[in-house]
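S.K.: Supplied structure: start_33.csv, CSV, N, CA and C atoms.
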chain,number,residue,atom,x,y,z
G,339,MET,N,93.1,7.4,-74.4
G,339,MET,CA,93.1,6.0,-74.3
G,339,MET,C,92.7,5.5,-72.9
G,340,GLU,N,91.9,4.6,-72.9
G,340,GLU,CA,91.4,4.0,-71.6
G,340,GLU,C,92.5,3.1,-71.0
G,341,LEU,N,92.5,2.9,-69.7
G,341,LEU,CA,93.5,2.1,-69.0
G,341,LEU,C,93.5,0.7,-69.6
G,342,LEU,N,92.3,0.1,-69.8
G,342,LEU,CA,92.2,-1.2,-70.3
G,342,LEU,C,92.9,-1.3,-71.7
G,343,ASP,N,92.7,-0.3,-72.5
G,343,ASP,CA,93.4,-0.3,-73.8
G,343,ASP,C,94.9,-0.3,-73.7
G,344,GLY,N,95.4,0.5,-72.8
G,344,GLY,CA,96.8,0.6,-72.5
G,344,GLY,C,97.4,-0.8,-72.1
G,345,ILE,N,96.7,-1.4,-71.2
G,345,ILE,CA,97.1,-2.8,-70.7
G,345,ILE,C,97.1,-3.7,-71.9
G,346,GLN,N,96.1,-3.8,-72.7
G,346,GLN,CA,96.0,-4.7,-73.8
G,346,GLN,C,97.1,-4.4,-74.8
G,347,LEU,N,97.4,-3.2,-75.1
G,347,LEU,CA,98.4,-2.8,-76.0
G,347,LEU,C,99.8,-3.3,-75.5
G,348,MET,N,100.0,-3.1,-74.2
G,348,MET,CA,101.3,-3.6,-73.6
G,348,MET,C,101.4,-5.1,-73.7
G,349,GLN,N,100.3,-5.8,-73.4
G,349,GLN,CA,100.3,-7.3,-73.5
G,349,GLN,C,100.7,-7.7,-75.0
G,350,HIS,N,100.1,-7.0,-75.9
G,350,HIS,CA,100.4,-7.4,-77.3
G,350,HIS,C,101.8,-7.1,-77.7
G,351,ALA,N,102.3,-5.9,-77.3
G,351,ALA,CA,103.7,-5.5,-77.6
G,351,ALA,C,104.7,-6.5,-77.0
G,352,ILE,N,104.5,-6.9,-75.8
G,352,ILE,CA,105.5,-7.7,-75.1
G,352,ILE,C,105.5,-9.2,-75.7
G,353,GLN,N,104.4,-9.5,-76.4
G,353,GLN,CA,104.4,-10.9,-77.0
G,353,GLN,C,105.1,-10.9,-78.3
G,354,THR,N,105.5,-9.8,-78.9
G,354,THR,CA,106.2,-9.8,-80.1
G,354,THR,C,107.6,-10.5,-79.9
G,355,PRO,N,108.0,-11.3,-80.8
G,355,PRO,CA,109.3,-12.0,-80.6
G,355,PRO,C,110.4,-11.0,-80.4
G,356,VAL,N,111.3,-11.3,-79.5
G,356,VAL,CA,112.4,-10.5,-79.2
G,356,VAL,C,113.3,-10.2,-80.4
G,357,GLY,N,113.5,-11.2,-81.2
G,357,GLY,CA,114.3,-11.1,-82.4
G,357,GLY,C,113.8,-10.1,-83.5
G,358,ASP,N,112.5,-9.8,-83.4
G,358,ASP,CA,111.9,-8.9,-84.3
G,358,ASP,C,112.4,-7.5,-84.1
G,359,PRO,N,112.9,-6.8,-85.1
G,359,PRO,CA,113.5,-5.5,-84.9
G,359,PRO,C,112.4,-4.5,-84.4
G,360,ALA,N,111.2,-4.8,-84.5
G,360,ALA,CA,110.1,-3.9,-84.0
G,360,ALA,C,109.8,-4.1,-82.5
G,361,TRP,N,110.4,-5.2,-81.9
G,361,TRP,CA,110.1,-5.5,-80.5
G,361,TRP,C,110.3,-4.3,-79.6
G,362,ARG,N,111.5,-3.8,-79.6
G,362,ARG,CA,111.9,-2.7,-78.6
G,362,ARG,C,111.1,-1.4,-78.9
G,363,PRO,N,110.9,-1.0,-80.2
G,363,PRO,CA,110.1,0.2,-80.5
G,363,PRO,C,108.6,0.0,-80.1
G,364,GLU,N,108.1,-1.2,-80.3
G,364,GLU,CA,106.7,-1.5,-80.0
G,364,GLU,C,106.5,-1.4,-78.5
G,365,VAL,N,107.4,-2.0,-77.7
G,365,VAL,CA,107.3,-2.0,-76.3
G,365,VAL,C,107.5,-0.6,-75.7
G,366,SER,N,108.4,0.1,-76.3
G,366,SER,CA,108.6,1.5,-75.9
G,366,SER,C,107.3,2.4,-76.1
G,367,ARG,N,106.7,2.2,-77.3
G,367,ARG,CA,105.5,2.9,-77.6
G,367,ARG,C,104.3,2.5,-76.7
G,368,ALA,N,104.3,1.2,-76.4
G,368,ALA,CA,103.2,0.7,-75.5
G,368,ALA,C,103.4,1.2,-74.1
G,369,VAL,N,104.7,1.3,-73.6
G,369,VAL,CA,104.9,1.9,-72.3
G,369,VAL,C,104.5,3.4,-72.3
G,370,ALA,N,104.8,4.1,-73.3
G,370,ALA,CA,104.4,5.5,-73.4
G,370,ALA,C,102.9,5.7,-73.4
G,371,GLN,N,102.2,4.8,-74.1
G,371,GLN,CA,100.7,4.9,-74.2
G,371,GLN,C,100.1,4.4,-72.9
G,372,LEU,N,100.7,3.4,-72.2
G,372,LEU,CA,100.2,3.0,-70.9
G,372,LEU,C,100.4,4.1,-69.9
G,373,LYS,N,101.5,4.8,-70.0
G,373,LYS,CA,101.8,6.0,-69.1
G,373,LYS,C,100.7,7.0,-69.3
G,374,ALA,N,100.4,7.3,-70.5
G,374,ALA,CA,99.4,8.3,-70.8
G,374,ALA,C,98.0,7.9,-70.3
G,375,ALA,N,97.7,6.6,-70.5
G,375,ALA,CA,96.4,6.1,-70.0
G,375,ALA,C,96.3,6.1,-68.5
G,376,PHE,N,97.5,5.8,-67.9
G,376,PHE,CA,97.5,5.8,-66.4
G,376,PHE,C,97.4,7.2,-65.8
G,377,ALA,N,98.1,8.1,-66.5
G,377,ALA,CA,98.0,9.5,-66.1
G,377,ALA,C,96.5,10.0,-66.1
G,378,GLU,N,95.8,9.6,-67.1
G,378,GLU,CA,94.4,10.0,-67.2
G,378,GLU,C,93.6,9.3,-66.1
G,379,HIS,N,93.9,8.0,-65.9
G,379,HIS,CA,93.3,7.3,-64.8
G,379,HIS,C,93.5,8.0,-63.4
G,380,VAL,N,94.7,8.4,-63.2
G,380,VAL,CA,95.0,9.1,-61.9
G,380,VAL,C,94.3,10.4,-61.8
G,381,GLU,N,94.2,11.2,-62.9
G,381,GLU,CA,93.5,12.4,-62.9
G,381,GLU,C,92.0,12.2,-62.6
G,382,VAL,N,91.4,11.2,-63.2
G,382,VAL,CA,90.0,10.9,-63.1
G,382,VAL,C,89.7,10.5,-61.7
G,383,THR,N,90.6,9.8,-61.1
G,383,THR,CA,90.4,9.2,-59.7
G,383,THR,C,90.8,10.1,-58.6
G,384,GLU,N,92.0,10.7,-58.7
G,384,GLU,CA,92.6,11.5,-57.6
G,384,GLU,C,92.3,13.0,-57.7
G,385,GLY,N,91.9,13.4,-58.9
G,385,GLY,CA,91.6,14.9,-59.1
G,385,GLY,C,90.7,15.4,-58.1
G,386,PRO,N,90.6,16.8,-57.9
G,386,PRO,CA,89.8,17.4,-56.9
G,386,PRO,C,88.3,17.0,-57.1
G,387,ALA,N,87.8,16.8,-58.3
G,387,ALA,CA,86.5,16.4,-58.5
G,387,ALA,C,86.4,14.9,-59.0
G,388,GLY,N,87.5,14.2,-58.6
G,388,GLY,CA,87.6,12.8,-59.1
G,388,GLY,C,86.7,11.8,-58.3
G,389,LEU,N,86.8,10.6,-58.8
G,389,LEU,CA,86.0,9.5,-58.2
G,389,LEU,C,86.3,9.3,-56.7
G,390,TYR,N,87.6,9.4,-56.3
G,390,TYR,CA,87.9,9.2,-54.9
G,390,TYR,C,87.3,10.3,-54.0
G,391,ALA,N,87.3,11.5,-54.5
G,391,ALA,CA,86.7,12.6,-53.7
G,391,ALA,C,85.2,12.3,-53.5
G,392,GLY,N,84.6,11.8,-54.5
G,392,GLY,CA,83.1,11.4,-54.4
G,392,GLY,C,83.0,10.3,-53.4
G,393,VAL,N,83.9,9.3,-53.4
G,393,VAL,CA,83.8,8.2,-52.5
G,393,VAL,C,84.0,8.6,-51.1
G,394,ILE,N,85.0,9.5,-50.8
G,394,ILE,CA,85.2,10.0,-49.5
G,394,ILE,C,84.0,10.8,-49.0
G,395,ASN,N,83.3,11.5,-49.8
G,395,ASN,CA,82.1,12.2,-49.5
G,395,ASN,C,81.0,11.3,-49.2
G,396,ASP,N,80.8,10.3,-50.0
G,396,ASP,CA,79.6,9.4,-49.9
G,396,ASP,C,79.8,8.2,-49.0
G,397,ALA,N,81.1,7.8,-48.8
G,397,ALA,CA,81.4,6.6,-48.0
G,397,ALA,C,82.7,6.8,-47.3
G,398,PRO,N,82.8,7.7,-46.3
G,398,PRO,CA,84.0,8.0,-45.6
G,398,PRO,C,84.7,6.7,-44.9
G,399,ARG,N,83.9,5.7,-44.7
G,399,ARG,CA,84.4,4.5,-44.1
G,399,ARG,C,85.5,3.8,-44.9
G,400,LEU,N,85.5,4.2,-46.2
G,400,LEU,CA,86.5,3.6,-47.2
G,400,LEU,C,87.8,4.4,-47.4
G,401,ALA,N,88.0,5.4,-46.5
G,401,ALA,CA,89.2,6.3,-46.6
G,401,ALA,C,90.5,5.5,-46.7
G,402,SER,N,90.6,4.5,-45.8
G,402,SER,CA,91.9,3.8,-45.8
G,402,SER,C,92.1,3.0,-47.1
G,403,TYR,N,91.0,2.4,-47.6
G,403,TYR,CA,91.0,1.7,-48.9
G,403,TYR,C,91.5,2.6,-50.0
G,404,LEU,N,91.0,3.9,-50.0
G,404,LEU,CA,91.4,4.9,-50.9
G,404,LEU,C,92.9,5.2,-50.8
G,405,ASP,N,93.4,5.3,-49.6
G,405,ASP,CA,94.8,5.5,-49.4
G,405,ASP,C,95.7,4.4,-50.0
G,406,ASP,N,95.2,3.2,-49.9
G,406,ASP,CA,95.9,2.1,-50.5
G,406,ASP,C,95.9,2.2,-52.0
G,407,LEU,N,94.8,2.6,-52.6
G,407,LEU,CA,94.7,2.8,-54.1
G,407,LEU,C,95.7,3.9,-54.5
G,408,VAL,N,95.7,5.0,-53.8
G,408,VAL,CA,96.7,6.0,-54.1
G,408,VAL,C,98.1,5.5,-54.0
G,409,GLY,N,98.4,4.8,-53.0
G,409,GLY,CA,99.7,4.2,-52.9
G,409,GLY,C,100.1,3.3,-54.1
G,410,GLU,N,99.1,2.6,-54.6
G,410,GLU,CA,99.3,1.7,-55.8
G,410,GLU,C,99.6,2.6,-57.0
G,411,HIS,N,99.0,3.8,-57.1
G,411,HIS,CA,99.3,4.7,-58.2
G,411,HIS,C,100.8,5.0,-58.2
G,412,ARG,N,101.3,5.3,-57.0
G,412,ARG,CA,102.8,5.6,-56.9
G,412,ARG,C,103.6,4.4,-57.3
G,413,SER,N,103.2,3.2,-56.9
G,413,SER,CA,103.9,2.0,-57.2
G,413,SER,C,103.9,1.7,-58.7
G,414,VAL,N,102.8,1.9,-59.4
G,414,VAL,CA,102.7,1.7,-60.8
G,414,VAL,C,103.6,2.7,-61.6
G,415,TRP,N,103.5,4.0,-61.1
G,415,TRP,CA,104.4,5.0,-61.7
G,415,TRP,C,105.9,4.6,-61.6
G,416,THR,N,106.3,4.1,-60.5
G,416,THR,CA,107.7,3.7,-60.3
G,416,THR,C,108.0,2.6,-61.2
G,417,ALA,N,107.1,1.6,-61.4
G,417,ALA,CA,107.3,0.5,-62.3
G,417,ALA,C,107.4,0.9,-63.7
G,418,LEU,N,106.6,1.9,-64.1
G,418,LEU,CA,106.6,2.4,-65.5
G,418,LEU,C,108.0,3.1,-65.7
G,419,ASP,N,108.4,3.9,-64.8
G,419,ASP,CA,109.6,4.7,-64.9
G,419,ASP,C,110.8,3.8,-64.9
G,420,GLU,N,110.8,2.7,-64.2
G,420,GLU,CA,111.9,1.7,-64.2
G,420,GLU,C,112.2,1.1,-65.5
G,421,LEU,N,111.2,1.1,-66.4
G,421,LEU,CA,111.3,0.5,-67.7
G,421,LEU,C,112.2,1.3,-68.7
G,422,GLU,N,112.2,2.6,-68.5
G,422,GLU,CA,112.9,3.5,-69.4
G,422,GLU,C,114.3,3.1,-69.7
G,423,GLY,N,115.2,3.0,-68.7
G,423,GLY,CA,116.6,2.7,-69.0
G,423,GLY,C,116.8,1.3,-69.6
G,424,PRO,N,116.2,0.3,-69.0
G,424,PRO,CA,116.4,-1.1,-69.6
G,424,PRO,C,115.9,-1.2,-71.0
G,425,LEU,N,114.9,-0.4,-71.4
G,425,LEU,CA,114.4,-0.5,-72.8
G,425,LEU,C,115.5,0.0,-73.8
G,426,ALA,N,116.4,0.8,-73.3
G,426,ALA,CA,117.5,1.3,-74.2
G,426,ALA,C,118.6,0.2,-74.3
G,427,ASP,N,118.6,-0.7,-73.4
G,427,ASP,CA,119.7,-1.7,-73.4
G,427,ASP,C,119.3,-2.9,-74.2
G,428,PRO,N,120.0,-3.2,-75.3
G,428,PRO,CA,119.6,-4.3,-76.2
G,428,PRO,C,119.7,-5.7,-75.5
G,429,HIS,N,120.3,-5.8,-74.4
G,429,HIS,CA,120.5,-7.1,-73.7
G,429,HIS,C,119.6,-7.3,-72.5
G,430,SER,N,118.6,-6.4,-72.4
G,430,SER,CA,117.8,-6.5,-71.2
G,430,SER,C,116.4,-7.1,-71.5
G,431,HIS,N,116.2,-7.7,-72.6
G,431,HIS,CA,114.8,-8.1,-73.0
G,431,HIS,C,114.2,-9.0,-72.0
G,432,GLU,N,114.9,-9.9,-71.4
G,432,GLU,CA,114.3,-10.8,-70.4
G,432,GLU,C,113.8,-10.1,-69.2
G,433,TRP,N,114.7,-9.1,-68.7
G,433,TRP,CA,114.3,-8.3,-67.5
G,433,TRP,C,113.0,-7.5,-67.9
G,434,VAL,N,113.0,-6.9,-69.1
G,434,VAL,CA,111.9,-6.1,-69.5
G,434,VAL,C,110.6,-6.9,-69.5
G,435,ARG,N,110.7,-8.1,-70.1
G,435,ARG,CA,109.5,-8.9,-70.2
G,435,ARG,C,109.0,-9.3,-68.8
G,436,GLU,N,109.9,-9.7,-67.9
G,436,GLU,CA,109.5,-10.0,-66.5
G,436,GLU,C,108.9,-8.8,-65.8
G,437,HIS,N,109.5,-7.7,-66.0
G,437,HIS,CA,109.0,-6.4,-65.3
G,437,HIS,C,107.7,-6.0,-65.9
G,438,VAL,N,107.5,-6.1,-67.2
G,438,VAL,CA,106.2,-5.8,-67.8
G,438,VAL,C,105.1,-6.7,-67.4
G,439,ASP,N,105.5,-8.0,-67.3
G,439,ASP,CA,104.5,-9.0,-66.8
G,439,ASP,C,104.0,-8.7,-65.4
G,440,LEU,N,104.9,-8.3,-64.5
G,440,LEU,CA,104.6,-7.9,-63.2
G,440,LEU,C,103.8,-6.6,-63.2
G,441,LEU,N,104.2,-5.7,-64.0
G,441,LEU,CA,103.5,-4.4,-64.1
G,441,LEU,C,102.0,-4.6,-64.6
G,442,ILE,N,101.8,-5.4,-65.6
G,442,ILE,CA,100.5,-5.7,-66.1
G,442,ILE,C,99.6,-6.3,-65.0
G,443,ARG,N,100.2,-7.2,-64.3
G,443,ARG,CA,99.4,-7.9,-63.2
G,443,ARG,C,99.1,-6.9,-62.2
G,444,GLU,N,100.0,-6.0,-61.8
G,444,GLU,CA,99.7,-5.0,-60.8
G,444,GLU,C,98.6,-4.0,-61.3
G,445,VAL,N,98.7,-3.6,-62.5
G,445,VAL,CA,97.6,-2.7,-63.0
G,445,VAL,C,96.3,-3.4,-63.1
G,446,TRP,N,96.2,-4.6,-63.6
G,446,TRP,CA,95.0,-5.4,-63.6
G,446,TRP,C,94.4,-5.5,-62.2
G,447,GLN,N,95.2,-5.8,-61.2
G,447,GLN,CA,94.8,-6.0,-59.8
G,447,GLN,C,94.3,-4.6,-59.3
G,448,HIS,N,95.0,-3.6,-59.6
G,448,HIS,CA,94.6,-2.2,-59.1
G,448,HIS,C,93.2,-1.9,-59.7
G,449,ARG,N,93.1,-2.1,-61.0
G,449,ARG,CA,91.8,-1.8,-61.7
G,449,ARG,C,90.7,-2.6,-61.0
G,450,GLN,N,90.9,-3.9,-60.7
G,450,GLN,CA,89.9,-4.7,-60.0
G,450,GLN,C,89.6,-4.1,-58.6
G,451,ARG,N,90.6,-3.7,-57.8
G,451,ARG,CA,90.4,-3.2,-56.5
G,451,ARG,C,89.6,-1.9,-56.6
G,452,GLY,N,89.9,-1.1,-57.6
G,452,GLY,CA,89.1,0.1,-57.8
G,452,GLY,C,87.6,-0.2,-58.1
G,453,ALA,N,87.4,-1.2,-58.9
G,453,ALA,CA,86.0,-1.6,-59.2
G,453,ALA,C,85.3,-2.1,-57.9
G,454,ASP,N,86.1,-2.9,-57.1
G,454,ASP,CA,85.6,-3.4,-55.8
G,454,ASP,C,85.2,-2.2,-54.9
G,455,LEU,N,86.1,-1.2,-54.9
G,455,LEU,CA,85.8,0.0,-54.0
G,455,LEU,C,84.5,0.7,-54.4
G,456,LEU,N,84.3,0.9,-55.7
G,456,LEU,CA,83.1,1.5,-56.2
G,456,LEU,C,81.9,0.7,-55.8
G,457,TYR,N,82.0,-0.6,-56.0
G,457,TYR,CA,80.9,-1.5,-55.6
G,457,TYR,C,80.6,-1.3,-54.1
G,458,GLU,N,81.6,-1.4,-53.3
G,458,GLU,CA,81.5,-1.3,-51.8
G,458,GLU,C,80.8,0.1,-51.5
G,459,ALA,N,81.3,1.1,-52.2
G,459,ALA,CA,80.8,2.5,-51.8
G,459,ALA,C,79.3,2.7,-52.2
G,460,TYR,N,79.0,2.2,-53.4
G,460,TYR,CA,77.7,2.6,-54.0
G,460,TYR,C,76.6,1.4,-54.1
G,461,VAL,N,77.0,0.2,-53.9
G,461,VAL,CA,76.1,-0.9,-54.1
G,461,VAL,C,75.8,-1.7,-52.8
G,462,THR,N,76.8,-1.8,-52.0
G,462,THR,CA,76.7,-2.6,-50.8
G,462,THR,C,75.7,-1.9,-49.8
G,463,ASP,N,74.8,-2.6,-49.3
G,463,ASP,CA,73.8,-2.1,-48.4
G,463,ASP,C,74.3,-2.4,-47.0
G,464,LEU,N,74.5,-1.3,-46.2
G,464,LEU,CA,75.0,-1.5,-44.9
G,464,LEU,C,73.8,-1.7,-43.9
G,465,GLY,N,72.6,-1.5,-44.4
G,465,GLY,CA,71.4,-1.6,-43.5
G,465,GLY,C,71.2,-0.3,-42.7
G,466,GLY,N,70.2,-0.4,-41.9
G,466,GLY,CA,69.9,0.8,-41.1
G,466,GLY,C,69.0,1.8,-41.7
G,467,GLU,N,68.8,1.7,-43.0
G,467,GLU,CA,67.9,2.6,-43.7
G,467,GLU,C,66.5,2.1,-43.5
G,468,THR,N,65.6,3.1,-43.5
G,468,THR,CA,64.2,2.7,-43.4
G,468,THR,C,63.5,2.8,-44.7
For this file, write the structure as structure tokens.

M.R.:
Amino acid sequence: MELLDGIQLMQHAIQTPVGDPAWRPEVSRAVAQLKAAFAEHVEVTEGPAGLYAGVINDAPRLASYLDDLVGEHRSVWTALDELEGPLADPHSHEWVREHVDLLIREVWQHRQRGADLLYEAYVTDLGGET
């Protein structure tokens, strides 16, 4: 599953009415699928032959930007893990919704910053070439 699909699935699940008996199982399933998609994203980006290794090789000037993106990976993992306990609590639906809303925003922004990084690394012309 692609990261975008995981985000969209989470958005759909969290919009289910809280009174619907399927709400909690759907949100739990969406969290699990977003975790799987995010794990794949981290492997593709941080792995030894991942995108970030290529960027460091091709555009070392962006190393600090990459460090920020890796830090965001840790932050998203923490946010995903924080959902586990409250999802089991039948009275935590408002907290879960707020937390998921922040998580979705964080993942969207991370995804955009990653796209910006790739643009900066491979499309931006720094000049000096003949």

S.K.: Need the shell around region 363-368 of chain G: protein/DNA/RNA residues with any atom at most 6.5 Å away, counting only N, CA and C atoms. Skip same-chain ones fewer than 5 positions apart. Format as a list in words?

M.R.: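 So the residues in contact are Leu347, Met348, Ala351, Ile352 and Lys373 of chain G.
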
S.K.: Would you compute the distance between CA of Val408 (chain G) and CA of Ala375 (chain G)? Give it in Å to one decimal.

M.R.: 15.9 Å

S.K.: CA of His379 (chain G) and CA of Gly423 (chain G) are how many Å apart?

M.R.: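 Going from CA of His379 (chain G) over to CA of Gly423 (chain G), I get 24.1 Å.
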
S.K.: Running DSSP on the backbone, which parts of chain G land in alpha helix (DSSP H), as number ranges by chain?

M.R.: G: 341-352, 361-384, 389-396, 401-420, 422-426, 431-460

S.K.: Find the distance between CA of Pro424 (chain G) and atom N of Val382 (chain G) and write it in Å to one decimal.

M.R.: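 Between CA of Pro424 (chain G) and atom N of Val382 (chain G) the gap works out to 28.6 Å.
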
S.K.: Restricting the calculation to only C-alpha atoms: of G:Gln353, G:Gln346, G:Thr383, G:Ser413, which residue gets closest to Leu456 (chain G)?

M.R.: G:Thr383

S.K.: For region 436-449 of chain G, please output as a PyMOL selection string all residues within 7 Å (counting all atoms listed in the file; exclusion window: fewer than 2 positions along the same chain).

M.R.: chain G and resi 345+410+414+417+431-434+451-454

S.K.: Limited to N, CA and C atoms, could you put the picked residues into a file as a PDB file, in the frame of the given file?

M.R.:
ATOM      1  N   ILE G 345      96.700  -1.400 -71.200  1.00  0.00           N
ATOM      2  CA  ILE G 345      97.100  -2.800 -70.700  1.00  0.00           C
ATOM      3  C   ILE G 345      97.100  -3.700 -71.900  1.00  0.00           C
ATOM      4  N   GLU G 410      99.100   2.600 -54.600  1.00  0.00           N
ATOM      5  CA  GLU G 410      99.300   1.700 -55.800  1.00  0.00           C
ATOM      6  C   GLU G 410      99.600   2.600 -57.000  1.00  0.00           C
ATOM      7  N   VAL G 414     102.800   1.900 -59.400  1.00  0.00           N
ATOM      8  CA  VAL G 414     102.700   1.700 -60.800  1.00  0.00           C
ATOM      9  C   VAL G 414     103.600   2.700 -61.600  1.00  0.00           C
ATOM     10  N   ALA G 417     107.100   1.600 -61.400  1.00  0.00           N
ATOM     11  CA  ALA G 417     107.300   0.500 -62.300  1.00  0.00           C
ATOM     12  C   ALA G 417     107.400   0.900 -63.700  1.00  0.00           C
ATOM     13  N   HIS G 431     116.200  -7.700 -72.600  1.00  0.00           N
ATOM     14  CA  HIS G 431     114.800  -8.100 -73.000  1.00  0.00           C
ATOM     15  C   HIS G 431     114.200  -9.000 -72.000  1.00  0.00           C
ATOM     16  N   GLU G 432     114.900  -9.900 -71.400  1.00  0.00           N
ATOM     17  CA  GLU G 432     114.300 -10.800 -70.400  1.00  0.00           C
ATOM     18  C   GLU G 432     113.800 -10.100 -69.200  1.00  0.00           C
ATOM     19  N   TRP G 433     114.700  -9.100 -68.700  1.00  0.00           N
ATOM     20  CA  TRP G 433     114.300  -8.300 -67.500  1.00  0.00           C
ATOM     21  C   TRP G 433     113.000  -7.500 -67.900  1.00  0.00           C
ATOM     22  N   VAL G 434     113.000  -6.900 -69.100  1.00  0.00           N
ATOM     23  CA  VAL G 434     111.900  -6.100 -69.500  1.00  0.00           C
ATOM     24  C   VAL G 434     110.600  -6.900 -69.500  1.00  0.00           C
ATOM     25  N   ARG G 451      90.600  -3.700 -57.800  1.00  0.00           N
ATOM     26  CA  ARG G 451      90.400  -3.200 -56.500  1.00  0.00           C
ATOM     27  C   ARG G 451      89.600  -1.900 -56.600  1.00  0.00           C
ATOM     28  N   GLY G 452      89.900  -1.100 -57.600  1.00  0.00           N
ATOM     29  CA  GLY G 452      89.100   0.100 -57.800  1.00  0.00           C
ATOM     30  C   GLY G 452      87.600  -0.200 -58.100  1.00  0.00           C
ATOM     31  N   ALA G 453      87.400  -1.200 -58.900  1.00  0.00           N
ATOM     32  CA  ALA G 453      86.000  -1.600 -59.200  1.00  0.00           C
ATOM     33  C   ALA G 453      85.300  -2.100 -57.900  1.00  0.00           C
ATOM     34  N   ASP G 454      86.100  -2.900 -57.100  1.00  0.00           N
ATOM     35  CA  ASP G 454      85.600  -3.400 -55.800  1.00  0.00           C
ATOM     36  C   ASP G 454      85.200  -2.200 -54.900  1.00  0.00           C
TER      37      ASP G 454
END

S.K.: In terms of the shortest atom-to-atom distance over only N, CA and C atoms, which of G:Val461, G:Leu455, G:Glu340, G:Ala426 is closest to Leu400 (chain G)?

M.R.: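 Answer, going by the shortest atom-to-atom distance: G:Leu455.
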
S.K.: Counting only N, CA and C atoms, which residue out of G:Leu421, G:Leu407, G:Leu341, G:Val356 sits closest to Ala374 (chain G)?

M.R.: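 Ranked by minimum distance to Ala374 (chain G), first place goes to G:Leu341.
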
S.K.: Measuring between only N, CA and C atoms, which one of G:Val393, G:Gln349, G:Ser430, G:Leu372 shows the shortest distance to Leu418 (chain G)?

M.R.: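 Of the candidates, the smallest distance to Leu418 (chain G) is held by G:Leu372.
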